[in-house]
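Next comes start_37.csv, with CSV, C-alpha atoms.
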```
chain,number,residue,atom,x,y,z
U,1,LEU,CA,-73.1,59.6,-152.8
U,2,PRO,CA,-72.1,63.2,-151.8
U,3,PRO,CA,-75.0,65.3,-150.5
U,4,GLU,CA,-77.1,67.2,-153.0
U,5,LYS,CA,-76.9,71.0,-153.3
U,6,PRO,CA,-78.4,72.9,-150.3
U,7,THR,CA,-80.6,76.0,-151.0
U,8,ILE,CA,-80.5,79.4,-149.2
U,9,ILE,CA,-84.2,80.1,-148.5
U,10,LYS,CA,-84.2,83.7,-147.3
U,11,CYS,CA,-82.4,86.4,-145.3
U,12,ARG,CA,-84.2,88.9,-143.0
U,13,SER,CA,-83.3,91.8,-140.8
U,14,PRO,CA,-85.9,92.7,-138.1
U,15,GLU,CA,-84.5,96.1,-137.2
U,16,LYS,CA,-82.0,97.1,-139.8
U,17,GLU,CA,-79.1,96.3,-137.4
U,18,THR,CA,-78.6,92.5,-137.6
U,19,PHE,CA,-79.7,89.9,-140.0
U,20,THR,CA,-80.3,86.1,-140.3
U,21,CYS,CA,-80.2,83.7,-143.3
U,22,TRP,CA,-81.9,80.3,-143.4
U,23,TRP,CA,-81.1,77.4,-145.7
U,24,LYS,CA,-82.9,74.2,-146.6
U,25,PRO,CA,-80.5,71.3,-145.9
U,26,ALA,CA,-79.5,69.1,-148.8
U,27,SER,CA,-81.0,65.6,-148.9
U,28,ASP,CA,-78.2,63.5,-147.4
U,29,GLY,CA,-78.9,59.9,-148.6
U,30,GLY,CA,-78.7,58.7,-145.0
U,31,LEU,CA,-75.1,59.9,-144.3
U,32,SER,CA,-74.3,62.4,-141.6
U,33,THR,CA,-74.1,65.8,-143.3
U,34,ASN,CA,-72.5,69.0,-142.0
U,35,HIS,CA,-73.5,72.4,-143.4
U,36,THR,CA,-71.1,75.4,-143.5
U,37,LEU,CA,-72.2,79.0,-144.4
U,38,LEU,CA,-69.5,81.1,-146.1
U,39,TYR,CA,-69.7,84.7,-147.2
U,40,SER,CA,-67.7,87.5,-148.7
U,41,LYS,CA,-68.5,91.2,-148.6
U,42,GLU,CA,-68.3,93.6,-151.4
U,43,GLY,CA,-64.9,95.2,-151.6
U,44,GLU,CA,-63.2,92.4,-149.7
U,45,GLU,CA,-61.4,89.4,-151.0
U,46,LYS,CA,-61.6,87.5,-147.7
U,47,VAL,CA,-64.1,84.7,-147.3
U,48,HIS,CA,-65.6,84.4,-143.8
U,49,GLU,CA,-67.6,81.7,-142.1
U,50,CYS,CA,-70.9,82.2,-140.4
U,51,PRO,CA,-70.3,84.0,-137.1
U,52,ASP,CA,-73.2,82.3,-135.2
U,53,TYR,CA,-75.0,79.1,-136.1
U,54,LYS,CA,-77.0,78.9,-132.9
U,55,THR,CA,-78.9,82.1,-132.0
U,56,ALA,CA,-81.5,81.8,-134.8
U,57,GLY,CA,-82.0,78.0,-134.6
U,58,PRO,CA,-81.2,75.1,-136.9
U,59,ASN,CA,-80.1,75.6,-140.5
U,60,SER,CA,-79.5,79.3,-139.9
U,61,CYS,CA,-76.8,81.9,-139.5
U,62,TYR,CA,-77.2,85.0,-137.4
U,63,PHE,CA,-75.1,88.1,-138.2
U,64,ASP,CA,-74.9,90.4,-135.2
U,65,LYS,CA,-74.3,94.2,-135.5
U,66,LYS,CA,-70.6,93.8,-135.7
U,67,HIS,CA,-71.0,91.5,-138.8
U,68,THR,CA,-73.7,93.5,-140.5
U,69,SER,CA,-73.0,96.3,-143.0
U,70,PHE,CA,-75.4,98.2,-145.1
U,71,TRP,CA,-75.1,99.4,-148.7
U,72,THR,CA,-72.8,96.4,-149.2
U,73,ILE,CA,-73.5,93.2,-151.2
U,74,TYR,CA,-72.9,90.0,-149.3
U,75,ASN,CA,-72.2,86.9,-151.5
U,76,ILE,CA,-73.4,84.0,-149.4
U,77,THR,CA,-73.1,80.2,-150.1
U,78,VAL,CA,-73.8,77.1,-148.0
U,79,ARG,CA,-71.7,73.9,-148.4
U,80,ALA,CA,-73.0,70.5,-147.5
U,81,THR,CA,-70.4,67.9,-146.6
U,82,ASN,CA,-70.6,64.1,-145.8
U,83,GLU,CA,-68.0,61.4,-146.0
U,84,MET,CA,-68.5,60.9,-149.7
U,85,GLY,CA,-67.9,64.6,-150.6
U,86,SER,CA,-69.5,68.0,-150.6
U,87,ASN,CA,-71.8,70.2,-152.7
U,88,VAL,CA,-72.2,74.0,-152.6
U,89,SER,CA,-75.4,76.1,-153.0
U,90,ASP,CA,-75.9,78.7,-155.7
U,91,PRO,CA,-74.6,82.1,-154.4
U,92,HIS,CA,-77.1,84.3,-152.7
U,93,TYR,CA,-76.5,88.1,-153.1
U,94,VAL,CA,-77.8,90.2,-150.3
U,95,ASP,CA,-77.7,93.9,-149.4
U,96,VAL,CA,-79.2,94.1,-145.9
U,97,THR,CA,-80.7,97.5,-146.8
U,98,TYR,CA,-83.4,95.7,-148.8
U,99,ILE,CA,-84.3,92.8,-146.5
U,100,VAL,CA,-85.7,94.6,-143.5
U,101,GLN,CA,-88.9,93.1,-142.2
U,102,PRO,CA,-89.9,94.7,-138.8
U,103,ASP,CA,-92.0,93.2,-136.0
U,104,PRO,CA,-95.6,94.4,-135.8
U,105,PRO,CA,-96.5,97.6,-134.1
U,106,VAL,CA,-97.3,97.4,-130.3
U,107,ASN,CA,-99.3,99.2,-127.6
U,108,ILE,CA,-102.3,99.6,-129.8
U,109,THR,CA,-105.1,101.6,-128.2
U,110,LEU,CA,-108.6,102.2,-129.5
U,111,GLU,CA,-110.7,105.0,-128.0
U,112,LEU,CA,-114.2,106.1,-128.9
U,113,LYS,CA,-114.9,109.8,-129.0
U,114,LYS,CA,-117.7,111.9,-130.1
U,115,SER,CA,-117.2,114.8,-132.6
U,116,ILE,CA,-118.8,118.2,-132.1
U,117,LYS,CA,-121.7,117.0,-134.3
U,118,ARG,CA,-122.1,114.1,-131.9
U,119,LYS,CA,-121.0,111.5,-134.5
U,120,PRO,CA,-118.8,108.7,-133.1
U,121,TYR,CA,-115.2,108.4,-134.2
U,122,LEU,CA,-112.4,106.1,-133.3
U,123,VAL,CA,-108.9,107.2,-132.2
U,124,LEU,CA,-106.3,104.6,-132.8
U,125,THR,CA,-102.8,105.0,-131.4
U,126,TRP,CA,-99.8,102.6,-131.5
U,127,SER,CA,-96.0,102.4,-131.0
U,128,PRO,CA,-93.3,101.2,-133.3
U,129,PRO,CA,-92.0,97.6,-132.6
U,130,PRO,CA,-89.5,97.8,-129.6
U,131,LEU,CA,-86.5,96.6,-131.6
U,132,ALA,CA,-86.9,99.4,-134.2
U,133,ASP,CA,-84.8,102.5,-133.5
U,134,VAL,CA,-87.0,105.2,-135.0
U,135,ARG,CA,-86.0,107.8,-132.5
U,136,SER,CA,-82.5,108.3,-133.9
U,137,GLY,CA,-83.8,108.3,-137.5
U,138,TRP,CA,-81.8,105.3,-138.5
U,139,LEU,CA,-85.0,103.4,-139.3
U,140,THR,CA,-88.1,105.2,-140.6
U,141,LEU,CA,-91.3,103.2,-140.5
U,142,GLU,CA,-94.6,103.6,-142.4
U,143,TYR,CA,-97.8,102.1,-141.2
U,144,GLU,CA,-101.0,100.6,-142.7
U,145,LEU,CA,-104.1,99.7,-140.8
U,146,ARG,CA,-107.1,97.6,-141.7
U,147,LEU,CA,-110.5,97.4,-140.3
U,148,LYS,CA,-113.7,95.4,-141.0
U,149,PRO,CA,-117.0,94.7,-139.3
U,150,GLU,CA,-116.6,91.4,-137.3
U,151,GLU,CA,-119.0,89.5,-139.5
U,152,GLY,CA,-117.8,91.3,-142.7
U,153,GLU,CA,-115.6,89.8,-145.4
U,154,GLU,CA,-113.9,92.8,-146.9
U,155,TRP,CA,-111.1,94.6,-145.1
U,156,GLU,CA,-110.8,98.4,-145.5
U,157,THR,CA,-107.0,99.1,-145.7
U,158,ILE,CA,-105.6,102.5,-145.1
U,159,PHE,CA,-102.0,103.6,-145.6
U,160,VAL,CA,-101.2,106.2,-142.9
U,161,GLY,CA,-97.6,107.0,-143.6
U,162,GLN,CA,-95.3,107.6,-140.7
U,163,GLN,CA,-97.8,108.8,-138.1
U,164,THR,CA,-98.7,106.7,-135.1
U,165,GLN,CA,-102.2,107.9,-134.5
U,166,TYR,CA,-105.3,107.8,-136.7
U,167,LYS,CA,-108.9,109.0,-136.4
U,168,MET,CA,-111.6,106.9,-138.1
U,169,PHE,CA,-115.0,108.4,-138.9
U,170,SER,CA,-117.9,106.9,-140.7
U,171,LEU,CA,-118.4,104.0,-138.2
U,172,ASN,CA,-121.8,102.4,-137.8
U,173,PRO,CA,-123.3,102.5,-134.3
U,174,GLY,CA,-124.1,99.1,-133.0
U,175,LYS,CA,-121.4,97.4,-135.1
U,176,ARG,CA,-118.4,95.4,-133.7
U,177,TYR,CA,-115.2,96.0,-135.6
U,178,ILE,CA,-111.8,94.2,-135.9
U,179,VAL,CA,-108.7,96.4,-136.3
U,180,GLN,CA,-105.1,95.4,-137.1
U,181,ILE,CA,-101.9,97.4,-138.0
U,182,HIS,CA,-98.6,96.5,-139.7
U,183,CYS,CA,-95.5,98.4,-140.6
U,184,LYS,CA,-92.7,98.6,-143.1
U,185,PRO,CA,-89.5,100.5,-143.5
U,186,ASP,CA,-89.8,103.5,-145.8
U,187,HIS,CA,-88.5,102.8,-149.3
U,188,HIS,CA,-87.3,99.2,-149.0
U,189,GLY,CA,-88.1,96.0,-147.1
U,190,LEU,CA,-91.2,94.0,-146.3
U,191,TRP,CA,-94.4,94.6,-144.4
U,192,SER,CA,-94.4,93.1,-140.9
U,193,GLU,CA,-97.0,90.6,-139.9
U,194,TRP,CA,-100.3,92.1,-138.9
U,195,SER,CA,-100.7,93.0,-135.2
U,196,PRO,CA,-103.0,90.8,-133.2
U,197,GLU,CA,-106.7,91.5,-133.9
U,198,MET,CA,-108.3,94.1,-131.6
U,199,TYR,CA,-112.1,94.5,-131.3
U,200,ILE,CA,-114.2,97.6,-130.7
U,201,GLU,CA,-117.9,97.9,-130.5
U,202,ILE,CA,-119.6,101.1,-131.5
U,203,PRO,CA,-122.5,101.5,-129.0
U,204,THR,CA,-125.9,102.5,-130.5
U,205,ASP,CA,-125.5,105.7,-128.5
U,206,PHE,CA,-123.0,106.6,-125.8
U,207,ARG,CA,-122.1,109.5,-123.6
U,208,VAL,CA,-118.6,111.0,-124.0
U,209,LYS,CA,-116.7,110.5,-120.8
U,210,ASP,CA,-116.8,113.6,-118.6
G,1,LEU,CA,-91.9,125.7,-152.5
G,2,PRO,CA,-90.5,129.2,-152.8
G,3,ILE,CA,-87.5,129.8,-150.5
G,4,CYS,CA,-89.1,133.1,-149.3
G,5,PRO,CA,-92.9,132.5,-148.9
G,6,ASN,CA,-95.4,135.5,-149.2
G,7,GLY,CA,-93.0,137.5,-151.3
G,8,SER,CA,-90.5,138.7,-148.7
G,9,VAL,CA,-87.0,138.8,-150.1
G,10,ASN,CA,-84.4,138.2,-147.3
G,11,CYS,CA,-86.3,135.7,-145.3
G,12,GLN,CA,-84.2,133.3,-143.2
G,13,LEU,CA,-85.5,129.8,-143.1
G,14,SER,CA,-84.9,128.1,-139.8
G,15,LEU,CA,-82.5,125.1,-139.7
G,16,GLU,CA,-85.5,122.9,-139.0
G,17,GLU,CA,-87.3,124.1,-142.2
G,18,LEU,CA,-84.0,123.6,-144.2
G,19,PHE,CA,-83.8,120.1,-142.9
G,20,ASP,CA,-87.4,119.4,-143.5
G,21,ARG,CA,-87.0,120.4,-147.2
G,22,ALA,CA,-83.8,118.5,-147.5
G,23,VAL,CA,-85.3,115.3,-146.2
G,24,LYS,CA,-88.4,115.6,-148.4
G,25,LEU,CA,-86.0,116.1,-151.4
G,26,SER,CA,-83.7,113.2,-150.5
G,27,HIS,CA,-86.7,110.9,-149.9
G,28,TYR,CA,-88.1,111.9,-153.3
G,29,ILE,CA,-84.8,111.5,-155.1
G,30,HIS,CA,-84.2,108.0,-153.6
G,31,PHE,CA,-87.8,107.0,-154.5
G,32,LEU,CA,-87.2,108.0,-158.1
G,33,SER,CA,-83.8,106.3,-158.2
G,34,SER,CA,-85.2,103.1,-156.8
G,35,GLU,CA,-88.1,103.1,-159.3
G,36,MET,CA,-85.7,103.8,-162.2
G,37,PHE,CA,-83.4,101.0,-161.2
G,38,ASN,CA,-86.2,98.5,-160.8
G,39,GLU,CA,-87.7,99.5,-164.2
G,40,PHE,CA,-84.3,99.2,-165.9
G,41,ASP,CA,-83.6,95.9,-164.1
G,42,GLU,CA,-86.9,94.4,-165.2
G,43,ARG,CA,-86.7,95.6,-168.8
G,44,TYR,CA,-83.0,95.1,-169.6
G,45,ALA,CA,-81.2,93.1,-167.0
G,46,GLN,CA,-83.1,89.9,-166.3
G,47,GLY,CA,-81.0,86.8,-166.5
G,48,ARG,CA,-77.8,88.7,-167.3
G,49,GLY,CA,-76.2,88.2,-163.8
G,50,PHE,CA,-75.3,91.9,-163.5
G,51,ILE,CA,-75.6,92.0,-159.7
G,52,ALA,CA,-72.6,89.7,-159.3
G,53,LYS,CA,-70.5,92.1,-161.5
G,54,ALA,CA,-71.8,95.3,-159.9
G,55,VAL,CA,-69.7,94.6,-156.8
G,56,ASN,CA,-67.4,97.4,-155.6
G,57,SER,CA,-67.7,99.4,-158.8
G,58,CYS,CA,-69.4,102.6,-157.7
G,59,HIS,CA,-67.4,105.7,-158.5
G,60,THR,CA,-68.1,106.9,-155.0
G,61,ALA,CA,-66.7,103.8,-153.3
G,62,SER,CA,-63.6,105.6,-152.3
G,63,LEU,CA,-65.5,107.9,-150.1
G,64,THR,CA,-65.5,106.3,-146.6
G,65,THR,CA,-69.1,106.5,-145.6
G,66,PRO,CA,-70.7,105.0,-142.5
G,67,GLU,CA,-72.0,101.5,-143.1
G,68,ASP,CA,-74.2,100.8,-140.1
G,69,LYS,CA,-76.1,102.5,-137.3
G,70,GLU,CA,-73.2,102.8,-134.9
G,71,GLN,CA,-70.9,104.4,-137.4
G,72,THR,CA,-73.6,106.8,-138.5
G,73,GLN,CA,-74.3,107.8,-134.9
G,74,GLN,CA,-70.7,108.2,-133.9
G,75,ILE,CA,-69.5,110.4,-136.8
G,76,HIS,CA,-69.5,114.1,-136.0
G,77,HIS,CA,-72.4,115.9,-137.7
G,78,GLU,CA,-70.1,118.3,-139.6
G,79,ASP,CA,-68.2,115.4,-141.1
G,80,LEU,CA,-71.4,113.6,-142.1
G,81,LEU,CA,-72.8,116.8,-143.6
G,82,ASN,CA,-69.6,117.3,-145.7
G,83,LEU,CA,-69.7,113.6,-146.7
G,84,ILE,CA,-73.3,114.1,-148.0
G,85,LEU,CA,-72.1,117.2,-149.9
G,86,GLY,CA,-69.3,115.2,-151.4
G,87,VAL,CA,-71.5,112.4,-152.6
G,88,LEU,CA,-74.0,114.8,-154.0
G,89,ARG,CA,-71.3,116.7,-155.9
G,90,SER,CA,-69.9,113.4,-157.2
G,91,TRP,CA,-73.2,112.7,-158.8
G,92,ASN,CA,-73.6,116.1,-160.7
G,93,ASP,CA,-71.6,115.0,-163.7
G,94,PRO,CA,-72.9,111.4,-164.2
G,95,LEU,CA,-76.5,112.6,-163.8
G,96,VAL,CA,-76.0,115.1,-166.6
G,97,HIS,CA,-74.8,112.4,-168.9
G,98,LEU,CA,-77.2,109.8,-167.7
G,99,ALA,CA,-80.2,111.8,-169.0
G,100,SER,CA,-78.6,112.4,-172.4
G,101,GLU,CA,-77.4,108.8,-172.8
G,102,VAL,CA,-80.8,107.3,-171.8
G,103,GLN,CA,-82.3,109.3,-174.7
G,104,ARG,CA,-80.0,107.4,-177.1
G,105,MET,CA,-81.1,104.0,-175.8
G,106,LYS,CA,-83.1,101.9,-178.2
G,107,GLU,CA,-86.8,102.5,-177.4
G,108,ALA,CA,-85.8,104.4,-174.3
G,109,PRO,CA,-88.9,104.2,-172.1
G,110,GLU,CA,-90.2,107.6,-171.5
G,111,THR,CA,-90.6,106.8,-167.8
G,112,ILE,CA,-86.9,106.1,-167.3
G,113,LEU,CA,-85.9,109.2,-169.3
G,114,TRP,CA,-88.3,111.4,-167.3
G,115,LYS,CA,-86.9,110.1,-164.0
G,116,ALA,CA,-83.3,110.7,-165.1
G,117,VAL,CA,-84.0,114.3,-166.0
G,118,GLU,CA,-86.0,114.8,-162.8
G,119,ILE,CA,-83.3,113.3,-160.6
G,120,GLU,CA,-80.6,115.5,-162.2
G,121,GLU,CA,-82.7,118.6,-161.4
G,122,GLN,CA,-83.6,117.6,-157.9
G,123,ASN,CA,-80.0,116.6,-157.1
G,124,LYS,CA,-78.9,120.2,-157.9
G,125,ARG,CA,-81.6,121.6,-155.7
G,126,LEU,CA,-80.6,119.3,-152.8
G,127,LEU,CA,-77.0,120.3,-153.2
G,128,GLU,CA,-78.0,123.9,-152.9
G,129,GLY,CA,-80.1,123.2,-149.9
G,130,MET,CA,-77.2,121.2,-148.3
G,131,GLU,CA,-74.8,124.1,-148.8
G,132,LYS,CA,-77.2,126.4,-147.0
G,133,ILE,CA,-77.4,123.9,-144.1
G,134,VAL,CA,-73.7,123.4,-143.9
G,135,GLY,CA,-73.2,127.2,-144.2
G,136,ARG,CA,-75.6,127.6,-141.2
G,137,VAL,CA,-74.1,124.8,-139.1
G,138,GLN,CA,-70.5,125.5,-139.8
G,139,SER,CA,-71.0,129.3,-139.6
G,140,GLY,CA,-70.0,130.1,-143.2
G,141,VAL,CA,-67.3,127.6,-144.0
G,142,VAL,CA,-68.3,125.1,-146.7
G,143,GLU,CA,-65.6,122.6,-147.5
G,144,ASN,CA,-65.3,121.8,-151.1
G,145,ASP,CA,-62.7,119.0,-151.2
G,146,ILE,CA,-64.7,115.9,-150.8
G,147,TYR,CA,-65.5,114.7,-154.4
G,148,THR,CA,-64.9,111.7,-156.6
G,149,PRO,CA,-64.7,112.1,-160.4
G,150,TRP,CA,-66.7,109.9,-162.7
G,151,ASP,CA,-65.1,108.5,-165.8
G,152,GLY,CA,-68.0,106.2,-166.9
G,153,LEU,CA,-69.2,108.1,-170.0
G,154,PRO,CA,-67.3,105.9,-172.5
G,155,SER,CA,-68.8,102.7,-171.1
G,156,LEU,CA,-72.4,104.1,-171.6
G,157,GLN,CA,-71.5,104.5,-175.3
G,158,LEU,CA,-70.0,101.1,-176.0
G,159,ASP,CA,-71.1,99.3,-179.1
G,160,ASP,CA,-71.3,95.9,-177.4
G,161,GLU,CA,-74.9,95.9,-176.0
G,162,ASP,CA,-74.2,93.7,-173.0
G,163,SER,CA,-71.3,95.8,-171.8
G,164,ARG,CA,-73.3,99.0,-172.4
G,165,LEU,CA,-76.3,97.7,-170.6
G,166,PHE,CA,-74.1,96.6,-167.7
G,167,ALA,CA,-72.7,100.1,-167.5
G,168,PHE,CA,-76.2,101.6,-167.2
G,169,TYR,CA,-77.2,98.9,-164.7
G,170,ASN,CA,-74.2,99.7,-162.5
G,171,LEU,CA,-74.7,103.4,-162.6
G,172,LEU,CA,-78.4,103.0,-161.6
G,173,HIS,CA,-77.5,100.5,-158.9
G,174,CYS,CA,-74.9,103.0,-157.5
G,175,LEU,CA,-77.4,105.9,-157.8
G,176,ARG,CA,-80.0,103.9,-155.8
G,177,ARG,CA,-77.4,103.0,-153.2
G,178,ASP,CA,-76.0,106.5,-152.8
G,179,SER,CA,-79.3,108.2,-152.8
G,180,HIS,CA,-80.5,105.9,-150.1
G,181,LYS,CA,-77.4,106.6,-148.0
G,182,ILE,CA,-78.0,110.4,-148.3
G,183,ASP,CA,-81.6,110.0,-147.4
G,184,ASN,CA,-80.8,107.8,-144.4
G,185,TYR,CA,-78.0,110.1,-143.1
G,186,LEU,CA,-80.2,113.2,-143.5
G,187,LYS,CA,-82.9,111.6,-141.4
G,188,VAL,CA,-80.4,110.7,-138.7
G,189,LEU,CA,-78.9,114.2,-138.7
G,190,LYS,CA,-82.4,115.8,-138.6
G,191,CYS,CA,-83.3,113.7,-135.6
G,192,ARG,CA,-79.9,114.5,-133.9
G,193,LEU,CA,-79.7,118.2,-134.6
G,194,ILE,CA,-83.4,119.2,-134.6
G,195,HIS,CA,-85.2,116.7,-132.4
G,196,ASP,CA,-82.4,115.8,-129.9
G,197,ASN,CA,-82.5,112.2,-131.1
G,198,ASN,CA,-86.2,111.9,-130.2
G,199,CYS,CA,-87.9,111.6,-133.5
```
Would you mind giving the structure from this file in structure tokens?
Amino acid sequence: LPPEKPTIIKCRSPEKETFTCWWKPASDGGLSTNHTLLYSKEGEEKVHECPDYKTAGPNSCYFDKKHTSFWTIYNITVRATNEMGSNVSDPHYVDVTYIVQPDPPVNITLELKKSIKRKPYLVLTWSPPPLADVRSGWLTLEYELRLKPEEGEEWETIFVGQQTQYKMFSLNPGKRYIVQIHCKPDHHGLWSEWSPEMYIEIPTDFRVKD
Amino acid sequence: LPICPNGSVNCQLSLEELFDRAVKLSHYIHFLSSEMFNEFDERYAQGRGFIAKAVNSCHTASLTTPEDKEQTQQIHHEDLLNLILGVLRSWNDPLVHLASEVQRMKEAPETILWKAVEIEEQNKRLLEGMEKIVGRVQSGVVENDIYTPWDGLPSLQLDDEDSRLFAFYNLLHCLRRDSHKIDNYLKVLKCRLIHDNNC
């Protein structure tokens, strides 16, 4: 029998400059099956083949900068072929503008300070993911952080907008806290994974560093 | 935000303040455009396959605008500013009609109507602000020739519901796209001209 229809699972851009699509191969009934990704771009009649099947691993197609356009609808299909025939996936319409999922923020620092009224507060700072070009303004990221006592269940989640520093008050001396941060493009796209967990213990009392 | 705070008459906003205001406005306009599109898509377009038809059908498609980071960074800032002005001007006419045609839709949801009216208003304000910026950057000369006409009003008034809904869908899809371009270009220009590419 010819192979069944393959399925395009998802497409993602990590930095709004390139993107990758993944597909689920069709069940091949034991025959050797070959997959071909074909795409056309809005405003063009021409159909192109995937420029790079290797970079992003099996069952994937990687579009480098030269092959990535924004505000443009890509019509993408995958064809599975064996000696008995072939079958084509449903079309997958993608505008890369809307599929950006950045990497998590990096260089997270936690520093305890004491306010004038001698109450402890925590200063968090972080940097955008290295791949993301925020300096030129091409990509604008927004951040959200979450924190909870180590033994606690409930996260306190705080949206902090585009800033890369945040001061947290109302922390309980003697408690050990877990902190994580993630980011998302402004307007469209998906939240990154959370950054690795970071821990901070609020001493019962502590002297501010001289 | 009054142009001249604390009552003075001939105050001169700095280029940075002009850009700050323009980016706030473009961000807000795109946010509204995106919400309006999503709401319309959910309410009227599910299962109709409109996205496949909405290909290459924006009235501003003939304007050659940058399509990736490299093109956006290589274009001269005056050309990019004039392109932004051209796209904004090209939306004046359709936004006027969008607001009135949405009112005539069956059970036109108040939230879509309110957004259409608000976007029309804010688009005018952004156009004014951009003309100030261009006037400042190009020392007085504001080019007026970049513009694409819109002839989509008849399709918003078609009797056939599917065709009429597709016309609305396509207009809102194009508005979401173009307002995002403008917002993105303005953020790049602000970083380039005000923050020396170090935002």
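Compared by their closest atoms to chain G, and using all atoms listed in the file, the residues U:Asn75, U:Ser127, U:Thr157, U:Thr55 rank with U:Asn75 nearest.
Each of U:Ser170, U:Thr68, U:Thr204, U:Thr125 was checked against chain G using only C-alpha atoms; the smallest atom-to-atom distance is that of U:Thr68.
Between CA of Ser27 in chain U and CA of Arg79 in chain U the separation is 12.5 Å.
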Excluding Glu17 in chain U and residues on its chain fewer than 5 positions from it, collect all residues at most 10 Å away from it, counting all atoms listed in the file, and give them as a PyMOL selection string. (chain U and resi 63-70+96-97+100+131-133+138-139) or (chain G and resi 68-70)
So that I can see what lies close to Ser192 in chain U, please list as a PyMOL selection string the residues with an atom at most 10 Å from it, counting only C-alpha atoms and leaving out residues fewer than 3 positions away in the same chain. chain U and resi 14+100-105+129+143+181-185+189+195
Nearest to chain U by atom-to-atom distance, counting only C-alpha atoms, from G:Cys58, G:Ala45, G:Leu127, G:Val96: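 Closest candidate: G:Cys58.
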Could I get the residues of chain G with an atom no further than 7 Å from an atom of chain U, each paired with its nearest atom pair and that distance in Å to one decimal, using only C-alpha atoms, sorted by chain and residue number, as JSON lines?
```
{"residue": "G:Phe31", "atom": "CA", "partner": "U:His187", "partner_atom": "CA", "distance": 6.7}
{"residue": "G:Val55", "atom": "CA", "partner": "U:Glu42", "partner_atom": "CA", "distance": 5.7}
{"residue": "G:Asn56", "atom": "CA", "partner": "U:Gly43", "partner_atom": "CA", "distance": 5.2}
{"residue": "G:Glu67", "atom": "CA", "partner": "U:Phe70", "partner_atom": "CA", "distance": 5.1}
{"residue": "G:Asp68", "atom": "CA", "partner": "U:Ser69", "partner_atom": "CA", "distance": 5.5}
{"residue": "G:Lys69", "atom": "CA", "partner": "U:Trp138", "partner_atom": "CA", "distance": 6.5}
{"residue": "G:Arg177", "atom": "CA", "partner": "U:Trp71", "partner_atom": "CA", "distance": 6.2}
{"residue": "G:Asn184", "atom": "CA", "partner": "U:Trp138", "partner_atom": "CA", "distance": 6.5}
{"residue": "G:Lys187", "atom": "CA", "partner": "U:Gly137", "partner_atom": "CA", "distance": 5.2}
{"residue": "G:Val188", "atom": "CA", "partner": "U:Gly137", "partner_atom": "CA", "distance": 4.3}
{"residue": "G:Cys191", "atom": "CA", "partner": "U:Ser136", "partner_atom": "CA", "distance": 5.7}
{"residue": "G:Arg192", "atom": "CA", "partner": "U:Ser136", "partner_atom": "CA", "distance": 6.7}
{"residue": "G:Asn197", "atom": "CA", "partner": "U:Ser136", "partner_atom": "CA", "distance": 4.8}
{"residue": "G:Asn198", "atom": "CA", "partner": "U:Arg135", "partner_atom": "CA", "distance": 4.7}
{"residue": "G:Cys199", "atom": "CA", "partner": "U:Arg135", "partner_atom": "CA", "distance": 4.4}
```
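Around the coordinate (-86.8, 113.7, -153.5), residues that reach within 10 Å when counting all atoms listed in the file are Arg21, Ala22, Val23, Lys24, Leu25, Ser26, His27, Tyr28, Ile29, His30, Phe31, Leu32, Ser33, Glu118, Ile119, Gln122, Asn123, Arg125, Leu126, Ser179 and Asp183 of chain G.
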Using CA of Trp194 in chain U and CA of Gln180 in chain U as the two end points, give the distance in Å to one decimal.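 That distance, rounded to one decimal, is 6.1 Å.
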Residue neighbourhood Glu120 in chain G, 10 Å, all atoms listed in the file, exclusion window fewer than 6 positions, as a list in words: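 So the residues in contact are Ile29, Trp91, Asn92, Asp93, Pro94, Leu95, Val96, His97, Leu98 and Ala99 of chain G.
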Provide the CA of Ser34 in chain G to CA of Glu78 in chain G distance in Å, to one decimal place.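 For CA of Ser34 in chain G relative to CA of Glu78 in chain G, the distance reads 27.5 Å.
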Residues within 10 Å of Met105 in chain G, please, as a list in words. Count all atoms listed in the file; anything in the same chain fewer than 3 positions from it doesn't count.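 Neighbouring residues, sequence-local ones excluded: Ser100, Glu101, Val102, Ala108, Pro109, Leu113, Leu156, Gln157, Arg164 and Leu165 of chain G.
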Out of U:Gly152, U:Gln165, U:Asp28, U:Ala80, which residue has the shortest atom-to-atom distance to Thr109 in chain U when counting only C-alpha atoms?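 So, comparing all the options, the nearest one is U:Gln165.
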Have range 140-144 of chain U completed to N, CA, C and O atoms, please, and pass it along as a compact mmCIF listing (two decimals), keeping the file's coordinate frame.
```txt
# COMPACT_ATOMS: atom_id res chain seq x y z
N THR U 140 -86.87 104.45 -140.47
CA THR U 140 -88.10 105.20 -140.60
C THR U 140 -89.20 104.22 -141.00
O THR U 140 -89.02 103.51 -141.99
N LEU U 141 -90.25 104.13 -140.21
CA LEU U 141 -91.30 103.20 -140.50
C LEU U 141 -92.55 103.84 -141.05
O LEU U 141 -92.85 104.99 -140.69
N GLU U 142 -93.25 103.12 -141.92
CA GLU U 142 -94.60 103.60 -142.40
C GLU U 142 -95.59 102.52 -141.97
O GLU U 142 -95.24 101.35 -141.76
N TYR U 143 -96.82 102.98 -141.78
CA TYR U 143 -97.80 102.10 -141.20
C TYR U 143 -99.05 101.98 -142.12
O TYR U 143 -99.34 102.91 -142.90
N GLU U 144 -99.73 100.87 -141.98
CA GLU U 144 -101.00 100.60 -142.70
C GLU U 144 -101.92 99.95 -141.74
O GLU U 144 -101.48 99.06 -141.00
```
